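Peer 1: Sharing a structure with you now.
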Amino acid sequence: MNFLRPVLSALLVALALIAPEAATAGQKDIQVLQSYVGSWEGRGTFGTDAEAESIKCRLTVTSAESATVQFNGICALAGGSVNIRGSLGYFETKNRYEATMTSNAAFGGTAIGRRSGSGIDFTMQPTDPDSGANYSVKAGLSLRDDAIVVKASITDSKSGYTSQADVPMKKKS
């Protein structure tokens, strides 16, 4: 199932950040990121409206540099799993949040985060359809009070077939 690895990776694209610079963020920005430190898990769906299957994700977020948190995670559904790692951070010099990730599925990316109320929304832009990639991926992550929600849309460049993923995660006690 060649479609599985990029799909699972896309689910987690907004969860990882490689902190290329140390920055001193405002206290509120640091507190927002630090509030996500802990163990998270959730179940959601992957597929189309006509044919969806269950997907399960686990994520561990740890404190890193003053304005960043790191994470390791895994998502699994029938036929496979994807491991991811990275960081989420706030860069005062750029006045923004950033997320990047790497995975065991040869998929990674960078997402820009924006404050929205008490949370942060990260959105990774779709892959350029002219790049020759097999899949076009658009992924997003929302950090909301007591939840992390991962959403993704993956389109096969050749067939045009599109699958959606939606995985809400809650902090484990």
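FYI, nothing fancy with the structure tokens labels: chains A, B, ... in order, residues from 1 per chain, ligands from 1 as they appear.
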Considering only C-alpha atoms, return as JSON, numbers by chain whatever protein or nucleic-acid residues lie within 10 Å of Ser142 of chain A, sequence-local ones (same chain, fewer than 6 positions apart) excluded.
Peer 2: {"A": [14, 15, 113, 114, 115, 116, 119, 120, 121, 122, 123, 148, 149, 150, 151, 168]}
Peer 1: Residues near segment 74-84 of chain A, anyone? I mean within 6 Å using only C-alpha atoms, not counting same-chain ones fewer than 6 positions away, as a list in words.
Peer 2: Leu8, Ile55, Lys56, Cys57, Arg58, Thr102, Ser103 and Asn104 of chain A
Peer 1: Using only C-alpha atoms, determine which residues lie at most 12 Å from Ser159 of chain A, disregarding the query and same-chain residues fewer than 2 positions distant; provide the list as a count of residues only.
Peer 2: 11
Peer 1: Env of Phe71 of chain A: 7 Å cut, atoms = only C-alpha atoms, seq-sep filter 5 positions within chain, self excluded. Answer as a list in words.
Peer 2: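 Returned residues: Ala16, Leu59, Thr60, Val61, Thr62, Arg85, Gly86 and Ser87 of chain A.
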Peer 1: Write out as CSV the residues of segment 97-171 of chain A that have any atom within 6 Å of an atom of segment 42-50 of chain A, one row each with the nearest atom pair and its distance in Å to one decimal, counting only C-alpha atoms, sorted by chain and then rising number.
Peer 2:
residue,atom,partner,partner_atom,distance
A:Ser163,CA,A:Gly47,CA,4.6
A:Gln164,CA,A:Gly47,CA,5.4
A:Ala165,CA,A:Phe46,CA,4.3
A:Asp166,CA,A:Gly44,CA,5.5
A:Val167,CA,A:Gly44,CA,4.2
A:Pro168,CA,A:Gly42,CA,5.7
A:Met169,CA,A:Gly42,CA,4.0
Peer 1: Would you write out those residues with C-alpha atoms, as an mmCIF file, in the first residue's frame?
Peer 2:
data_model
loop_
_atom_site.group_PDB
_atom_site.id
_atom_site.type_symbol
_atom_site.label_atom_id
_atom_site.label_comp_id
_atom_site.auth_asym_id
_atom_site.auth_seq_id
_atom_site.Cartn_x
_atom_site.Cartn_y
_atom_site.Cartn_z
ATOM 1 C CA SER A 163 -8.313 11.014 1.011
ATOM 2 C CA GLN A 164 -8.957 13.029 4.152
ATOM 3 C CA ALA A 165 -7.712 12.461 7.684
ATOM 4 C CA ASP A 166 -8.983 13.904 10.952
ATOM 5 C CA VAL A 167 -7.376 12.827 14.243
ATOM 6 C CA PRO A 168 -8.259 14.602 17.517
ATOM 7 C CA MET A 169 -5.868 13.811 20.385
#
